[in-house]
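Below: one structure, written as structure tokens.
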Number of protein chains: 6
Amino acid sequence: MITNLPNLSETVRLALFEDIGTGDITTQSTVDPAINARGYLIAKAEGVIAGLPVVEEVFAQIDPELHLRCFVKEGSRVAPQTRLCEISGRAQGILIGERVALNFLQRLSGIATKTARMVSLVEGTRARIVDTRKTTPGLRALEKYAVRQGGGSSHRFGLYDAVMIKDNHIVASGGITQAVRRAVAQASHTVTITVECDTLEQVEEAVGAGADILLLDNMSLEDLREAIEIINGHAITEASGGVNEETVRAIAETGVDIISVGGLTHSAISLDISLDLTL
Amino acid sequence: MITNLPNLSETVRLALFEDIGTGDITTQSTVDPAINARGYLIAKAEGVIAGLPVVEEVFAQIDPELHLRCFVKEGSRVAPQTRLCEISGRAQGILIGERVALNFLQRLSGIATKTARMVSLVEGTRARIVDTRKTTPGLRALEKYAVRQGGGSSHRFGLYDAVMIKDNHIVASGGITQAVRRAVAQASHTVTITVECDTLEQVEEAVGAGADILLLDNMSLEDLREAIEIINGHAITEASGGVNEETVRAIAETGVDIISVGGLTHSAISLDISLDLTL
Amino acid sequence: MITNLPNLSETVRLALFEDIGTGDITTQSTVDPAINARGYLIAKAEGVIAGLPVVEEVFAQIDPELHLRCFVKEGSRVAPQTRLCEISGRAQGILIGERVALNFLQRLSGIATKTARMVSLVEGTRARIVDTRKTTPGLRALEKYAVRQGGGSSHRFGLYDAVMIKDNHIVASGGITQAVRRAVAQASHTVTITVECDTLEQVEEAVGAGADILLLDNMSLEDLREAIEIINGHAITEASGGVNEETVRAIAETGVDIISVGGLTHSAISLDISLDLTL
Amino acid sequence: MITNLPNLSETVRLALFEDIGTGDITTQSTVDPAINARGYLIAKAEGVIAGLPVVEEVFAQIDPELHLRCFVKEGSRVAPQTRLCEISGRAQGILIGERVALNFLQRLSGIATKTARMVSLVEGTRARIVDTRKTTPGLRALEKYAVRQGGGSSHRFGLYDAVMIKDNHIVASGGITQAVRRAVAQASHTVTITVECDTLEQVEEAVGAGADILLLDNMSLEDLREAIEIINGHAITEASGGVNEETVRAIAETGVDIISVGGLTHSAISLDISLDLTL
Amino acid sequence: MITNLPNLSETVRLALFEDIGTGDITTQSTVDPAINARGYLIAKAEGVIAGLPVVEEVFAQIDPELHLRCFVKEGSRVAPQTRLCEISGRAQGILIGERVALNFLQRLSGIATKTARMVSLVEGTRARIVDTRKTTPGLRALEKYAVRQGGGSSHRFGLYDAVMIKDNHIVASGGITQAVRRAVAQASHTVTITVECDTLEQVEEAVGAGADILLLDNMSLEDLREAIEIINGHAITEASGGVNEETVRAIAETGVDIISVGGLTHSAISLDISLDLTL
Amino acid sequence: MITNLPNLSETVRLALFEDIGTGDITTQSTVDPAINARGYLIAKAEGVIAGLPVVEEVFAQIDPELHLRCFVKEGSRVAPQTRLCEISGRAQGILIGERVALNFLQRLSGIATKTARMVSLVEGTRARIVDTRKTTPGLRALEKYAVRQGGGSSHRFGLYDAVMIKDNHIVASGGITQAVRRAVAQASHTVTITVECDTLEQVEEAVGAGADILLLDNMSLEDLREAIEIINGHAITEASGGVNEETVRAIAETGVDIISVGGLTHSAISLDISLDLTL
């Protein structure tokens, strides 16, 4: 059903085409089409699993008669050597899809695992960990989905669904107040307006201009705290810049509402997962 | 010209559509279409730059009248705070393309930087550092290009351009000798046959069967050396598995021809690069 | 440049293909390819013009050497018999594109004209006239653009860029309060939440639940006024249902912020425009 | 089965993508995926229904497990408050598809309703009511289908399937006789040739040149009658221009074979239809 | 300009992608990108040239800076060893496009050459040589274009632009008269109706039913002559079946209007053409 | 299942669209949608059948409820008047798909038949008959598949999967030795290098440079024999140029490994096959 990953089918189709091209000449020449097999996806390291619906789509596109049985739930944490799922049916189809399925599952699980670590570090504070637009070109919907599987939340999806006035927009538009006014006048009434602020002066100006969300960028903990006081509930507060496993707890404890972390997607390491085949 | 990145235009088109969708509501509402500006891409950390032709394509698709001037060569190593290039023209176009351009450039430069480090570690040996099919779905051509910019070489592009008989194919086909025979009989005479070997017994069987390339997977240094002796020039030798910055030199010193490294693409960290706008 | 109509090129390409198919057999067989001509687009009735950039794209795709010169500004009101623009160049190209260009221009100008009438009727009140998702499948971006050319504003673009809890969602989710809570918990912090209310009880519940916008659907003027009092500035107010040229002024005078009108797009009449050719 | 709407699947896919984009954030966040419901499409006004196969395709693409049951036949006239069909299955899918399904069904039923009115007005004469190329870009096949559901007939589909020499072609080709001769010489022998005539002189020239069909454009009733006499069965006669509910009967009574009406598609008003959900 | 080959650009794009895929690894690795060259297309055998605009499109898509200069006109007959055109510019682009350009040009020229032979054989009779729908899947527009370059004419383009009631339709519809009646009632008034007849009885029935064109299939010369007498100018006559260089003249001399020849496209032999490169 | 014809579905989709366009107006108007029928594909001449899976895909796309039963195996030789398969179900679908199914099946069977003739002529020698890149644009994968059904083997698929240094590359790169060196340095280690040689001097240079395969182009039988002696097992030998049914046996008897024949695909004649319908 079309729900939260509407473009999954096309994304998988492109990935399969990229890998298979005019045909898997190894599998076609060496493996009898009549042979059946079972393949097990096995996590080699601890982590949070994201991407099982993508694995399902991969094998369904290759051979609709392949059967997938999952042993763990999407979004669950698994120990090393956990069997994640079994694919059974014609051996050719399992072999043709192996690498593409793993490329998706390893990357998405890597993102979910990294996100879960950040989320656990801010437990007990009011801060939500959210993603950014620093995603891999072509995979944004999937990567943001993986962040949610790891317990994180979504920021805007693209340039089209929220106004965010960043440093370069301020330069080009002649100031925060003018930029916010223009946005209010021209954008839909259903859209929120975020202003990126580097200084407390900017914070005051942005609050005065009526911004809905203040993105407090690369501020010291002290400035963050002061900014939140200035804002005093008149806008949602979001911290970004220099967020990592060492710094995130202290940032969260300033009382900020949102912490956005580019590294969730631009610098995640693939989770080690492999496929074992048995006849 | 269509040369080594034939699908660049379509890849960029998809990435821009993913980000822009029905329009950049921030830039359109806050920035006067008549205003011109200059944007500078600046590396914040040391690294090898890959992706400048992609940046050019991004801005050309948004506004053909934007002008790009590069200060460094594709594939060159840069120091922190280096200005990489200048984009000049209408401010709206620069702002609309900023994030997509950076997403490509940061990822590809991260891969090139990681590759260059591995390549420098095996300097003086006969070993070539090559990539794998463990690439981001949809970006294989670009990521393999980034590996080459970092001084690495390419492995096969997909399932269609070389035969590689891996562990799971051996299971499904009934043994190395039979698999190689079938491949020789059915694949084009222009195609090479690689066999993945985990043990020295497999090495002997694969050489006897007439494999062109032996992929020595996860072998100890001792076994690697012995395998290379057994092969004795009758096939190209390739080591893979457990390759990282700590282990790569010793592997290369066994005399292996090729070292393939999945982490070049599946676990590269984005190079820190930003765009500064001035009017 | 890609700005507010990013998919214009593809929309025009589809429309031209639909009409031209394997070739314009009339023009190709009857008109000498070497003959040049000038075509004039002429409004036969009073109205507001929207779609000149689409006309430009149509002729540019057919023959890049055709030249378009506009005599009126996009979004301007014109009198009957006004020459809107001149297309000059090879006669074949002008004839091939005539119908598609007119189909776009007449429809979009019809929408702009209808919108302008509604906007003028609420002049002096605080109400903005906005569009809905009741657009022609495939033409949403263009039709919403035409509404803006007529002086109207945009509502959300689709199901992806704002939360709107309508009657059927309330049925399916078990009530307004629960629906709003779930939306707050799961949607991005950048997204606003609209609740459709048919009764004053629903208005009270929605305000209490923290909705950002209240869509007051098919309410009597009296109920509208009371609803606005209840809301008392804690949410944006939007009236919809039964809005037409007879009713819109009275609705606006209730003090509502937004009046959304499906008929702007689903029941607009094409503006009468024709193309006259001279050699 | 591919029969009279070969591109239905792609047209619906584009419309759904336009509305859903990266996901229906309201339905996904507020409605439990496990909840089932029934939705009823209800006509709020009298009219002729066209588009039920499109509604079926919309919901099938969203969720193949949704079940559609129709209570009325495609092309039938219904009274206000008639239940047209029931969609049952997961509530999420019904809610996601509601607007797109209605946008198609309301527009197509509006066209069928308008066509049926015109057809009934010419009952008892020999005249057929036919559509034109003045259709909504991207929806031509569907809109011409709706005309047929309303009892009308089809004109040519595009520039590729019949020769029609209009005023501007006559200007560009140097006269009716020369244009017809060129068309006979170059077009396929399977193609008919229509000539648009504004005057009785043109009618005589066109008949003499051997046109198959004469399009009598914007003629007075008297001229129409005289033209039909001149033609005297040597060509099919078609009236167009200034056709509306007031004028169509008199035009038909001149004895003309075909009356083409652009307003069937360019100025139809959506039929009022809504979807009611119950659990 | 979009005129008689509207889908040329897409057809060439697919062909180039099919051949180049992820890149021309020979040219990229062996030829310096800075080297310029001139390539000459040379016909090795006598024939009629068709496809020069396709050659132009091929090289323009690869490298817009390549320059094409033609020495012969499209549709002209050339002697063996004739230089057809020169492509000059970067050597890489010429080498990348060589094979695809030749594959198009050789096939289309083969069709034009075969057509020209048939056309010359019926010179002086009233018969036109026309093509059929027995074309190569995906290349119909180009192959029908090549037939016209060889002096032939076009039959209908597809199932959508003319009614042709063939033997199997007669079986499925219950007879010629009924089939023609249904077609007249349901198809557009702009469409002609062809009936395929195998016997003189069918000819009489088809004429009586009002067919516009009679396709006389696989008839003896005697039956052909008799059929033409029966038809007596009340319909266009078309002969098909068993048409080849030995039989075509006698068929034409029966006085038939049209001779359709499937072999023009389904059994044409490529014209021998090669590309010579000089620096 | 996606195996050796991954792009079959898209190729068939394009072919059906090309033929059906906006609808089969003959079948829709003359044949009752409720009527069932059986269609038999019958070979009218002796030949080798290739393309039955394409026929299956054609009818499946038109109407998934059509049922195909094959009486002969793909790749088998059949006598004239052999029934190849039966399609049963709604008559409309059989009629709509008839021509496209035949266009594929006749062309592919023509190629398989021609290939089988060449293969039988070299029986008993070591030579393999292989195809070339001289295929019909858009149909390469299918045509190479047909060659394999006829008993032939595949050469490289495109410019991307093997290095082949041809005469024009030698001109542009400055000589065989330099070209081979560059290719070894830059291409993947999985790729083979073919060098086209016209003279024995080139053969010696190519062997010395380390080419994997030598393409001996247009050599006399004597030169071929001498070249094979010079090469002496250090490279695979491939003969091409001037290969036809008269010459192929003698060429094979020189002891060459591979004989590549462009005419298998660029000059094959369609096998005569027709469809007979019964109710």
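As shown in the structure tokens, the chain order sets the letters A, B, ...; within each chain, residues go from 1, and ligands are also counted from 1 in the order they appear.
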* Mind listing as number ranges by chain which residues of chain D are within 10 Å of chain B, counting only C-alpha atoms? -> D: 18, 21-22
* From a DSSP pass on the backbone, collect the residues of region 45-133 of chain F flagged as strand (DSSP E or B) and hand them back as a VMD selection string. => chain F and resid 47 to 48 67 to 70 77 to 78 82 to 90 128 to 130
* Excluding same-chain residues fewer than 5 positions from region 217-221 of chain F, what lies within 8 Å of it counting only C-alpha atoms, as a PyMOL selection string? -> chain F and resi 196-199+239-242+250-251+254
Can you write just those residues out, N, CA, C and O atoms, as a PDB file, in the first residue's frame?
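What landed in out-v2.pdb:
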ATOM      1  N   GLU F 196      41.679  -4.942 -32.952  1.00  0.00           N
ATOM      2  CA  GLU F 196      41.351  -5.269 -34.343  1.00  0.00           C
ATOM      3  C   GLU F 196      42.605  -5.143 -35.198  1.00  0.00           C
ATOM      4  O   GLU F 196      43.268  -4.103 -35.173  1.00  0.00           O
ATOM      5  N   CYS F 197      42.938  -6.197 -35.938  1.00  0.00           N
ATOM      6  CA  CYS F 197      44.141  -6.190 -36.770  1.00  0.00           C
ATOM      7  C   CYS F 197      43.768  -6.450 -38.225  1.00  0.00           C
ATOM      8  O   CYS F 197      43.018  -7.382 -38.521  1.00  0.00           O
ATOM      9  N   ASP F 198      44.342  -5.641 -39.127  1.00  0.00           N
ATOM     10  CA  ASP F 198      44.098  -5.837 -40.546  1.00  0.00           C
ATOM     11  C   ASP F 198      45.294  -6.526 -41.214  1.00  0.00           C
ATOM     12  O   ASP F 198      45.173  -7.054 -42.309  1.00  0.00           O
ATOM     13  N   THR F 199      46.460  -6.460 -40.533  1.00  0.00           N
ATOM     14  CA  THR F 199      47.677  -7.002 -41.150  1.00  0.00           C
ATOM     15  C   THR F 199      48.415  -7.887 -40.147  1.00  0.00           C
ATOM     16  O   THR F 199      48.171  -7.809 -38.933  1.00  0.00           O
ATOM     17  N   ALA F 239      37.642 -13.987 -36.107  1.00  0.00           N
ATOM     18  CA  ALA F 239      37.614 -13.541 -37.501  1.00  0.00           C
ATOM     19  C   ALA F 239      36.337 -12.761 -37.757  1.00  0.00           C
ATOM     20  O   ALA F 239      35.275 -13.100 -37.224  1.00  0.00           O
ATOM     21  N   SER F 240      36.438 -11.717 -38.587  1.00  0.00           N
ATOM     22  CA  SER F 240      35.230 -10.971 -38.956  1.00  0.00           C
ATOM     23  C   SER F 240      35.427 -10.353 -40.324  1.00  0.00           C
ATOM     24  O   SER F 240      36.553 -10.231 -40.812  1.00  0.00           O
ATOM     25  N   GLY F 241      34.310  -9.972 -40.967  1.00  0.00           N
ATOM     26  CA  GLY F 241      34.402  -9.329 -42.281  1.00  0.00           C
ATOM     27  C   GLY F 241      34.233 -10.343 -43.394  1.00  0.00           C
ATOM     28  O   GLY F 241      34.921 -11.363 -43.428  1.00  0.00           O
ATOM     29  N   GLY F 242      33.295 -10.065 -44.277  1.00  0.00           N
ATOM     30  CA  GLY F 242      33.109 -10.951 -45.415  1.00  0.00           C
ATOM     31  C   GLY F 242      32.632 -12.347 -45.047  1.00  0.00           C
ATOM     32  O   GLY F 242      32.827 -13.296 -45.803  1.00  0.00           O
ATOM     33  N   ALA F 250      35.107 -22.285 -44.598  1.00  0.00           N
ATOM     34  CA  ALA F 250      36.544 -22.180 -44.825  1.00  0.00           C
ATOM     35  C   ALA F 250      37.213 -21.346 -43.737  1.00  0.00           C
ATOM     36  O   ALA F 250      38.309 -21.662 -43.267  1.00  0.00           O
ATOM     37  N   ILE F 251      36.543 -20.281 -43.328  1.00  0.00           N
ATOM     38  CA  ILE F 251      37.091 -19.448 -42.259  1.00  0.00           C
ATOM     39  C   ILE F 251      37.218 -20.264 -40.979  1.00  0.00           C
ATOM     40  O   ILE F 251      38.241 -20.223 -40.294  1.00  0.00           O
ATOM     41  N   THR F 254      40.206 -22.594 -40.599  1.00  0.00           N
ATOM     42  CA  THR F 254      41.543 -22.051 -40.308  1.00  0.00           C
ATOM     43  C   THR F 254      41.914 -22.298 -38.853  1.00  0.00           C
ATOM     44  O   THR F 254      43.066 -22.135 -38.477  1.00  0.00           O
TER      45      THR F 254
END
Applying 7 Å and only C-alpha atoms, which residues near region 113-116 of chain A remain after dropping the ones on its own chain fewer than 3 positions away? List them as an mmCIF file with N, CA and C atoms, in the first residue's frame.
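The result, written out as result.cif:
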data_model
loop_
_atom_site.group_PDB
_atom_site.id
_atom_site.type_symbol
_atom_site.label_atom_id
_atom_site.label_comp_id
_atom_site.auth_asym_id
_atom_site.auth_seq_id
_atom_site.Cartn_x
_atom_site.Cartn_y
_atom_site.Cartn_z
ATOM 1 N N GLY A 47 22.892 -3.505 16.368
ATOM 2 C CA GLY A 47 22.380 -2.297 15.739
ATOM 3 C C GLY A 47 20.864 -2.301 15.678
ATOM 4 N N VAL A 48 20.312 -1.206 15.106
ATOM 5 C CA VAL A 48 18.872 -1.076 14.918
ATOM 6 C C VAL A 48 18.576 -1.323 13.440
ATOM 7 N N SER A 109 20.052 0.701 8.080
ATOM 8 C CA SER A 109 20.248 0.247 9.449
ATOM 9 C C SER A 109 21.387 1.026 10.113
ATOM 10 N N GLY A 110 22.373 1.397 9.332
ATOM 11 C CA GLY A 110 23.443 2.233 9.876
ATOM 12 C C GLY A 110 22.899 3.574 10.361
ATOM 13 N N VAL A 119 19.432 9.479 20.225
ATOM 14 C CA VAL A 119 18.166 9.599 20.957
ATOM 15 C C VAL A 119 18.339 9.137 22.393
ATOM 16 N N SER A 120 19.072 8.049 22.577
ATOM 17 C CA SER A 120 19.236 7.531 23.944
ATOM 18 C C SER A 120 20.061 8.510 24.787
ATOM 19 N N VAL A 147 15.713 7.324 9.940
ATOM 20 C CA VAL A 147 15.858 8.143 11.160
ATOM 21 C C VAL A 147 14.667 7.897 12.090
ATOM 22 N N GLY A 150 14.886 4.744 13.946
ATOM 23 C CA GLY A 150 15.845 4.818 15.051
ATOM 24 C C GLY A 150 15.345 5.663 16.204
ATOM 25 N N GLY A 151 14.114 6.171 16.101
ATOM 26 C CA GLY A 151 13.544 6.951 17.192
ATOM 27 C C GLY A 151 13.649 8.452 17.004
ATOM 28 N N GLY A 152 14.194 8.872 15.891
ATOM 29 C CA GLY A 152 14.290 10.300 15.607
ATOM 30 C C GLY A 152 13.028 10.823 14.939
ATOM 31 N N LEU A 264 23.457 12.296 11.055
ATOM 32 C CA LEU A 264 22.603 11.094 11.053
ATOM 33 C C LEU A 264 22.580 10.465 9.668
ATOM 34 N N ALA A 268 26.748 8.413 8.306
ATOM 35 C CA ALA A 268 26.472 7.129 8.951
ATOM 36 C C ALA A 268 27.309 6.033 8.311
#
* To do: Go through region 72-206 of chain C and collect every residue that DSSP, computed from the backbone, puts in helix (DSSP H, G or I); the answer should be as a PyMOL selection string.
  => chain C and resi 91-121+140-149+167-173+176-186+200-206
* Atomic distance CA of Ala146 (chain F) - CA of Val191 (chain B), expressed in Å with one decimal ->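 Answer for the CA of Ala146 (chain F) to CA of Val191 (chain B) separation: 19.7 Å.
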* To do: Using only C-alpha atoms, determine which residues lie at most 12 Å from Gly124 (chain C), disregarding the query and same-chain residues fewer than 2 positions distant; provide the list as number ranges by chain.
  => C: 119-122, 126-128, 249, 252-253, 255
Let me see the file: selected residues, all heavy atoms, as a CSV table (one decimal), in the first residue's frame.
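result_27.csv written:
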chain,number,residue,atom,x,y,z
C,119,VAL,N,-11.5,38.1,-5.4
C,119,VAL,CA,-10.6,38.9,-4.5
C,119,VAL,C,-11.1,40.3,-4.4
C,119,VAL,O,-11.2,40.9,-3.4
C,119,VAL,CB,-9.2,38.9,-5.1
C,119,VAL,CG1,-8.3,40.0,-4.5
C,119,VAL,CG2,-8.5,37.5,-5.0
C,120,SER,N,-11.6,40.8,-5.6
C,120,SER,CA,-12.2,42.2,-5.5
C,120,SER,C,-13.4,42.3,-4.7
C,120,SER,O,-13.7,43.3,-4.0
C,120,SER,CB,-12.5,42.7,-7.0
C,120,SER,OG,-13.6,42.0,-7.5
C,121,LEU,N,-14.2,41.2,-4.6
C,121,LEU,CA,-15.4,41.2,-3.8
C,121,LEU,C,-15.1,41.3,-2.3
C,121,LEU,O,-16.0,41.6,-1.5
C,121,LEU,CB,-16.2,40.0,-4.1
C,121,LEU,CG,-16.9,40.0,-5.5
C,121,LEU,CD1,-17.5,38.6,-5.8
C,121,LEU,CD2,-18.1,41.1,-5.5
C,122,VAL,N,-13.9,40.9,-1.9
C,122,VAL,CA,-13.6,40.9,-0.4
C,122,VAL,C,-12.7,42.1,-0.1
C,122,VAL,O,-12.2,42.1,1.1
C,122,VAL,CB,-13.0,39.6,0.1
C,122,VAL,CG1,-14.0,38.4,-0.3
C,122,VAL,CG2,-11.6,39.3,-0.5
C,126,ARG,N,-10.2,41.5,6.0
C,126,ARG,CA,-8.9,40.9,6.3
C,126,ARG,C,-8.8,39.6,5.5
C,126,ARG,O,-7.7,38.9,5.6
C,126,ARG,CB,-8.8,40.7,7.7
C,126,ARG,CG,-9.8,39.7,8.3
C,126,ARG,CD,-9.5,39.4,9.8
C,126,ARG,NE,-8.3,38.7,10.0
C,126,ARG,CZ,-7.3,39.1,10.9
C,126,ARG,NH1,-7.5,40.1,11.6
C,126,ARG,NH2,-6.2,38.4,11.0
C,127,ALA,N,-9.9,39.1,4.8
C,127,ALA,CA,-9.9,37.8,4.3
C,127,ALA,C,-9.0,37.6,3.0
C,127,ALA,O,-9.0,38.5,2.1
C,127,ALA,CB,-11.3,37.3,3.9
C,128,ARG,N,-8.2,36.5,3.0
C,128,ARG,CA,-7.5,36.1,1.8
C,128,ARG,C,-8.3,35.1,1.1
C,128,ARG,O,-8.8,34.1,1.7
C,128,ARG,CB,-6.2,35.4,2.2
C,128,ARG,CG,-5.0,36.2,2.5
C,128,ARG,CD,-3.8,35.3,2.4
C,128,ARG,NE,-2.7,35.8,3.2
C,128,ARG,CZ,-1.5,35.2,3.2
C,128,ARG,NH1,-1.3,34.1,2.5
C,128,ARG,NH2,-0.5,35.6,4.0
C,249,ARG,N,-18.7,38.0,0.1
C,249,ARG,CA,-18.5,39.3,0.8
C,249,ARG,C,-19.0,39.1,2.3
C,249,ARG,O,-18.3,39.5,3.2
C,249,ARG,CB,-19.3,40.4,0.1
C,249,ARG,CG,-19.2,41.8,0.8
C,249,ARG,CD,-17.9,42.5,0.5
C,249,ARG,NE,-17.5,43.4,1.5
C,249,ARG,CZ,-16.4,44.1,1.5
C,249,ARG,NH1,-15.5,43.9,0.5
C,249,ARG,NH2,-16.1,45.0,2.4
C,252,ALA,N,-16.6,37.1,4.3
C,252,ALA,CA,-15.4,37.9,4.6
C,252,ALA,C,-15.6,38.8,5.7
C,252,ALA,O,-14.8,39.0,6.6
C,252,ALA,CB,-14.9,38.6,3.4
C,253,GLU,N,-16.8,39.4,5.8
C,253,GLU,CA,-17.1,40.4,6.8
C,253,GLU,C,-17.3,39.8,8.2
C,253,GLU,O,-17.4,40.5,9.2
C,253,GLU,CB,-18.4,41.2,6.4
C,253,GLU,CG,-18.0,42.1,5.2
C,253,GLU,CD,-19.2,42.9,4.7
C,253,GLU,OE1,-20.3,42.6,5.0
C,253,GLU,OE2,-19.0,43.9,4.0
C,255,GLY,N,-15.0,38.4,9.5
C,255,GLY,CA,-13.6,38.6,10.1
C,255,GLY,C,-12.8,37.3,10.0
C,255,GLY,O,-11.7,37.3,10.5
* Contacts of His169 (chain E) within 10 Å, only C-alpha atoms, excl. fewer than 4 positions in-chain, as a list in words ->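 Non-adjacent residues within range: Met164, Ile165, Ser173, Gly174, Gly175, Ile176, Ala179, Val195 and Glu196 of chain E; Thr26, Thr27, Thr30, Val31, Ala91, Gln92, Leu95 and Leu277 of chain F.
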N, CA, C and O atoms of the current selection, written as a short mmCIF file (atom, residue, chain, number, x, y, z; two decimals), in the first residue's frame:
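Written file, result-v7.cif:
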data_model
loop_
_atom_site.label_atom_id
_atom_site.label_comp_id
_atom_site.auth_asym_id
_atom_site.auth_seq_id
_atom_site.Cartn_x
_atom_site.Cartn_y
_atom_site.Cartn_z
N MET E 164 -9.34 -0.59 -39.89
CA MET E 164 -9.06 -1.62 -40.89
C MET E 164 -9.63 -2.94 -40.39
O MET E 164 -9.12 -3.53 -39.43
N ILE E 165 -10.68 -3.38 -41.08
CA ILE E 165 -11.38 -4.61 -40.69
C ILE E 165 -10.73 -5.77 -41.44
O ILE E 165 -10.90 -5.91 -42.64
N SER E 173 -16.49 -10.43 -35.44
CA SER E 173 -17.61 -9.48 -35.39
C SER E 173 -18.86 -10.02 -36.07
O SER E 173 -19.91 -9.38 -36.02
N GLY E 174 -18.73 -11.14 -36.76
CA GLY E 174 -19.92 -11.74 -37.35
C GLY E 174 -20.22 -11.29 -38.76
O GLY E 174 -21.37 -11.33 -39.20
N GLY E 175 -19.23 -10.80 -39.48
CA GLY E 175 -19.45 -10.49 -40.89
C GLY E 175 -19.08 -9.06 -41.25
O GLY E 175 -19.08 -8.16 -40.40
N ILE E 176 -18.82 -8.87 -42.53
CA ILE E 176 -18.35 -7.57 -43.02
C ILE E 176 -19.40 -6.48 -42.80
O ILE E 176 -19.10 -5.39 -42.30
N ALA E 179 -19.72 -5.43 -39.23
CA ALA E 179 -18.51 -4.76 -38.76
C ALA E 179 -18.45 -3.33 -39.28
O ALA E 179 -18.16 -2.40 -38.53
N VAL E 195 -11.71 -2.44 -45.55
CA VAL E 195 -12.10 -3.83 -45.33
C VAL E 195 -11.17 -4.73 -46.13
O VAL E 195 -10.95 -4.50 -47.32
N GLU E 196 -10.61 -5.73 -45.46
CA GLU E 196 -9.75 -6.70 -46.14
C GLU E 196 -10.64 -7.77 -46.78
O GLU E 196 -11.50 -8.37 -46.11
N THR F 26 -10.50 -0.04 -34.52
CA THR F 26 -11.20 -1.09 -35.26
C THR F 26 -11.79 -2.13 -34.30
O THR F 26 -12.99 -2.43 -34.35
N THR F 27 -10.95 -2.66 -33.45
CA THR F 27 -11.40 -3.72 -32.55
C THR F 27 -12.46 -3.20 -31.59
O THR F 27 -13.47 -3.86 -31.33
N THR F 30 -15.78 -2.78 -33.59
CA THR F 30 -16.42 -3.88 -34.33
C THR F 30 -16.59 -5.17 -33.54
O THR F 30 -17.41 -6.00 -33.90
N VAL F 31 -15.79 -5.34 -32.46
CA VAL F 31 -15.82 -6.63 -31.76
C VAL F 31 -16.42 -6.47 -30.37
O VAL F 31 -15.98 -5.62 -29.58
N ALA F 91 -11.57 -11.99 -27.33
CA ALA F 91 -11.12 -11.77 -28.71
C ALA F 91 -10.48 -10.39 -28.88
O ALA F 91 -9.51 -10.24 -29.62
N GLN F 92 -11.00 -9.39 -28.19
CA GLN F 92 -10.45 -8.03 -28.35
C GLN F 92 -8.94 -8.01 -28.08
O GLN F 92 -8.17 -7.43 -28.84
N LEU F 95 -6.80 -9.63 -30.79
CA LEU F 95 -6.72 -8.80 -31.99
C LEU F 95 -5.83 -7.58 -31.79
O LEU F 95 -5.10 -7.17 -32.70
N LEU F 277 -7.51 -16.75 -36.19
CA LEU F 277 -8.46 -16.64 -35.09
C LEU F 277 -9.66 -17.55 -35.34
O LEU F 277 -10.18 -17.61 -36.45
#
* To do: Mind checking which residues fall within 9 Å of Gly263 (chain B), counting only C-alpha atoms, ignoring those fewer than 2 positions away in the same chain, and posting them as a list in words?
  =>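 What passes the distance filter is Ile269 and Ser270 of chain A; Lys114, Asp131, Thr132, Lys134, Val243, Asn244, Val261, Thr265, His266, Ser267 and Ala268 of chain B.
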* Best match for closeness to Leu14 (chain E) among E:Gln61, E:Asp272, E:His189, E:Gln149, counting only C-alpha atoms -> E:Gln61
* Asked: If you measure from CA of Pro137 (chain B) to CA of Val12 (chain A), what distance in Å do you get, rounded to one decimal?
  ->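 Value for the CA of Pro137 (chain B)-CA of Val12 (chain A) distance: 8.2 Å.
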